[in-house]
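Q: Can you keep this structure in mind? I'll have questions shortly.
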Amino acid sequence: MKKAIAFIAAAMVFASCSNNEEIKNDLEGKNDVVIEFDNGFKNDKLILGSTYTNGNGEILTINSFDYIVSNFVLVTDEGKEVVYPKDHGYFIISEGGNGKTKNVEISLKDVPAGKYTKVKFGIGVDRERFLQGQAAQEDFWTIAENYNMTWSWQAGYKFVVLEGNYKANAQETEDIFMLHIASRGSSGDDLYREVELPMDLAIVSAEKSPQLHVKVDANVMLDGQEKIKLVDQSTIMGGPNALKIADNCKGMFMVHHVHNGNHH
């Protein structure tokens, strides 16, 4: 009996050591973190050309929804921040349409192994980066141009674009609306905003490449903490309402769930 107990205890110690070693090895190396942006409007999936009713009772037909995300930071369960390289950290998310390619997924390359519980990122292009000059933007400026997300170089980028037609309940015909929440180069209001999102545990290792599923609610642009009525102003590219919408945009995003895949 004593020999049997000793054997079982030794086996448990061996198994424990083996499991610890497996976990240790599992969280070594680097891998990609894929982020999918699932664009919606209130509780519905956003489909270009479709009609939605916002919280102000206005009926919107959306023809374009595009935005820039940037400056990603992943935060571990121990609070350590892993900053994604700034030179490669600017992306266009687009529902497509008007000759543009639909793009709703990005990949953060070679993220160090770890257990991550938060993701941070910016909406738009930070002024520090813009002031580094056009050469510093490398290929991103051209990509943004192809998605119609730029003004002239002096004027800068469009950060978030929502366009289409709308009508209030009493209207019989539709009017055009254009929301271009944008920078104005090195002057004017800075509409760049940052968000921090908690999430389920995302595990990165040489063998684990997680996918974050981020839900995005375009309705929040007009129906967030600040209420914006298109019937009062249907073209917004600057001014007080642009500042309000930029602040609303921080509430558009949430990490709905995480897939921890065993792949490169």
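By convention in this document, the chains of the structure tokens carry letters A, B, ... by their order, each chain's residues are numbered from 1, and ligands are numbered from 1 in the order they are shown.
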Would you kindly return, as a ChimeraX atom specification, each protein, DNA or RNA residue with an atom no farther than 12 Å from any atom of A:Lys86, considering only C-alpha atoms and excluding same-chain residues fewer than 4 positions away?
A: /A:69-73,82,90-91,108,121-122,125-126,128-129,136-138,140
Q: List the spatial neighbours of A:Met221 as a tab-separated table (two decimals) with N, CA and C atoms, in the first residue's frame - criterion: any atom at most 10 Å away, only C-alpha atoms, same-chain residues fewer than 3 positions off excluded.
A:
```
chain	number	residue	atom	x	y	z
A	160	VAL	N	-13.41	59.20	-39.49
A	160	VAL	CA	-14.62	58.37	-39.57
A	160	VAL	C	-15.54	58.99	-40.60
A	162	LEU	N	-19.39	58.49	-42.36
A	162	LEU	CA	-20.71	57.86	-42.46
A	162	LEU	C	-21.53	58.73	-43.40
A	179	LEU	N	-21.24	62.70	-42.72
A	179	LEU	CA	-20.49	62.89	-41.48
A	179	LEU	C	-19.03	62.54	-41.76
A	181	ILE	N	-15.80	62.96	-39.82
A	181	ILE	CA	-15.14	63.35	-38.57
A	181	ILE	C	-13.65	63.30	-38.83
A	217	ASP	N	-21.02	49.75	-33.45
A	217	ASP	CA	-22.38	50.25	-33.63
A	217	ASP	C	-22.33	51.67	-34.19
A	218	ALA	N	-22.56	51.81	-35.51
A	218	ALA	CA	-22.52	53.11	-36.16
A	218	ALA	C	-23.61	54.05	-35.65
A	224	GLY	N	-25.31	58.60	-29.22
A	224	GLY	CA	-24.50	58.20	-28.07
A	224	GLY	C	-24.81	59.08	-26.88
A	225	GLN	N	-23.76	59.44	-26.13
A	225	GLN	CA	-23.98	60.34	-25.00
A	225	GLN	C	-24.49	61.70	-25.49
A	226	GLU	N	-24.02	62.09	-26.67
A	226	GLU	CA	-24.50	63.31	-27.30
A	226	GLU	C	-25.50	62.94	-28.39
A	227	LYS	N	-26.63	63.62	-28.44
A	227	LYS	CA	-27.67	63.34	-29.44
A	227	LYS	C	-27.56	64.37	-30.57
A	228	ILE	N	-27.33	63.87	-31.77
A	228	ILE	CA	-27.18	64.74	-32.94
A	228	ILE	C	-28.31	64.44	-33.92
A	242	ALA	N	-19.03	68.06	-34.64
A	242	ALA	CA	-17.95	67.10	-34.95
A	242	ALA	C	-17.25	66.65	-33.67
A	244	LYS	N	-18.64	66.51	-30.72
A	244	LYS	CA	-19.57	65.63	-30.02
A	244	LYS	C	-19.58	64.23	-30.63
A	245	ILE	N	-19.56	64.17	-31.97
A	245	ILE	CA	-19.57	62.86	-32.63
A	245	ILE	C	-18.26	62.12	-32.37
A	246	ALA	N	-17.13	62.85	-32.38
A	246	ALA	CA	-15.85	62.21	-32.07
A	246	ALA	C	-15.88	61.58	-30.69
A	247	ASP	N	-16.48	62.26	-29.72
A	247	ASP	CA	-16.61	61.69	-28.38
A	247	ASP	C	-17.56	60.50	-28.38
A	248	ASN	N	-18.64	60.60	-29.14
A	248	ASN	CA	-19.56	59.46	-29.25
A	248	ASN	C	-18.87	58.23	-29.81
A	249	CYS	N	-17.95	58.45	-30.76
A	249	CYS	CA	-17.29	57.32	-31.43
A	249	CYS	C	-16.55	56.41	-30.45
A	250	LYS	N	-16.11	56.96	-29.34
A	250	LYS	CA	-15.41	56.13	-28.35
A	250	LYS	C	-16.32	55.03	-27.81
A	251	GLY	N	-17.64	55.24	-27.89
A	251	GLY	CA	-18.58	54.24	-27.38
A	251	GLY	C	-19.09	53.28	-28.43
A	252	MET	N	-18.55	53.35	-29.66
A	252	MET	CA	-19.04	52.47	-30.74
A	252	MET	C	-18.56	51.04	-30.60
```
Q: Rank nothing, just name the residue among A:Met178, A:Ile35, A:Ala155, A:Val83 nearest to A:Asn103, using only C-alpha atoms.
A: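 Looking at the shortest contact to A:Asn103, the residue is A:Ile35.
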Q: Out of A:Ala170, A:Ile176, A:Ile68, A:Gly96, which residue has the shortest atom-to-atom distance to A:Ala144 when counting only C-alpha atoms?
A: A:Ile68
Q: So that I can check the surroundings of A:Ile106, please list as a PDB file with N, CA and C atoms, in the first residue's frame every protein, DNA and RNA residue that reaches within 9 Å of it, counting only C-alpha atoms and ignoring chain neighbours fewer than 4 positions away.
A:
```
ATOM      1  N   VAL A  33      -2.185  38.487 -33.881  1.00  0.00           N
ATOM      2  CA  VAL A  33      -3.499  38.717 -33.273  1.00  0.00           C
ATOM      3  C   VAL A  33      -4.392  39.303 -34.359  1.00  0.00           C
ATOM      4  N   VAL A  34      -5.450  38.574 -34.701  1.00  0.00           N
ATOM      5  CA  VAL A  34      -6.375  39.018 -35.741  1.00  0.00           C
ATOM      6  C   VAL A  34      -7.555  39.719 -35.074  1.00  0.00           C
ATOM      7  N   ILE A  35      -7.934  40.877 -35.614  1.00  0.00           N
ATOM      8  CA  ILE A  35      -9.068  41.625 -35.074  1.00  0.00           C
ATOM      9  C   ILE A  35     -10.094  41.810 -36.184  1.00  0.00           C
ATOM     10  N   GLU A  36     -11.281  41.283 -35.961  1.00  0.00           N
ATOM     11  CA  GLU A  36     -12.379  41.422 -36.921  1.00  0.00           C
ATOM     12  C   GLU A  36     -13.358  42.474 -36.409  1.00  0.00           C
ATOM     13  N   PHE A  37     -13.674  43.453 -37.249  1.00  0.00           N
ATOM     14  CA  PHE A  37     -14.616  44.505 -36.894  1.00  0.00           C
ATOM     15  C   PHE A  37     -15.964  44.192 -37.544  1.00  0.00           C
ATOM     16  N   PHE A  91      -4.636  51.460 -39.892  1.00  0.00           N
ATOM     17  CA  PHE A  91      -5.437  50.582 -40.732  1.00  0.00           C
ATOM     18  C   PHE A  91      -6.750  51.262 -41.119  1.00  0.00           C
ATOM     19  N   ILE A  92      -7.240  50.915 -42.309  1.00  0.00           N
ATOM     20  CA  ILE A  92      -8.562  51.356 -42.773  1.00  0.00           C
ATOM     21  C   ILE A  92      -9.550  50.212 -42.584  1.00  0.00           C
ATOM     22  N   ILE A  93     -10.678  50.500 -41.925  1.00  0.00           N
ATOM     23  CA  ILE A  93     -11.789  49.561 -41.852  1.00  0.00           C
ATOM     24  C   ILE A  93     -12.910  50.131 -42.722  1.00  0.00           C
TER      25      ILE A  93
END
```
Q: Hey, which of A:Tyr147, A:Phe177, A:Phe253, A:Trp153 ends up closest to A:Glu194? Count only C-alpha atoms.
A: A:Phe253
Q: Which of stretch 24-198 of chain A counts as alpha helix (DSSP H) under DSSP, as a PyMOL selection string please?
A: chain A and resi 24-26+127-130+140-146
Q: Check the DSSP output for the backbone and give back, as a PyMOL selection string, the residues of stretch 110-257 of chain A in strand (DSSP E or B).
A: chain A and resi 110-112+114-123+150+157-167+175-182+193-204+209-217+223+227+235-236+253-257
Q: What is the atom CA of A:His180 to atom CA of A:Leu230 distance in Å?
A: 13.2 Å
Q: Compare A:Ala135, A:Met254, A:Met237, A:Val204 by their minimum atom-to-atom distance to A:Lys109, counting only C-alpha atoms, and give me the closest one.
A: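 Of A:Ala135, A:Met254, A:Met237, A:Val204, the one nearest A:Lys109 is A:Val204, counting only C-alpha atoms.
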Q: Taking only C-alpha atoms into account, name the residue in A:Val258, A:Val220, A:Ala206, A:Leu201 that is nearest to A:Thr76.
A: A:Leu201
Q: Of the candidates A:Pro210, A:Pro198, A:Gly97, A:Gly29, which one gets nearest to A:Val255 if we count only C-alpha atoms?
A: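 For A:Val255, the nearest of the given residues is A:Pro198.
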Q: Find the spatial neighbours of A:Asn63, counting only C-alpha atoms, within a cut-off of 12 Å - ignore same-chain residues fewer than 6 positions away - and output them as a PyMOL selection string.
A: chain A and resi 46-52+94-100+161-166+176-179
Q: So that I can check the surroundings of A:His259, please list as a list in words every protein, DNA and RNA residue that reaches within 8 Å of it, counting only C-alpha atoms and ignoring chain neighbours fewer than 4 positions away.
A: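 Here the qualifying residues turn out to be Ala202, Pro210, Gln211, Leu212 and His213 of chain A.
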Q: For the selection you just gave me, I'd like the residues written to a file as an mmCIF file, in the first residue's frame, keeping C-alpha atoms.
A:
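As written to disk, part_3.cif reads:
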```cif
data_model
loop_
_atom_site.group_PDB
_atom_site.id
_atom_site.type_symbol
_atom_site.label_atom_id
_atom_site.label_comp_id
_atom_site.auth_asym_id
_atom_site.auth_seq_id
_atom_site.Cartn_x
_atom_site.Cartn_y
_atom_site.Cartn_z
ATOM 1 C CA ALA A 202 -6.648 36.193 -25.424
ATOM 2 C CA PRO A 210 -6.237 34.561 -31.178
ATOM 3 C CA GLN A 211 -8.989 36.369 -33.050
ATOM 4 C CA LEU A 212 -10.804 39.272 -31.376
ATOM 5 C CA HIS A 213 -14.373 39.854 -32.533
#
```
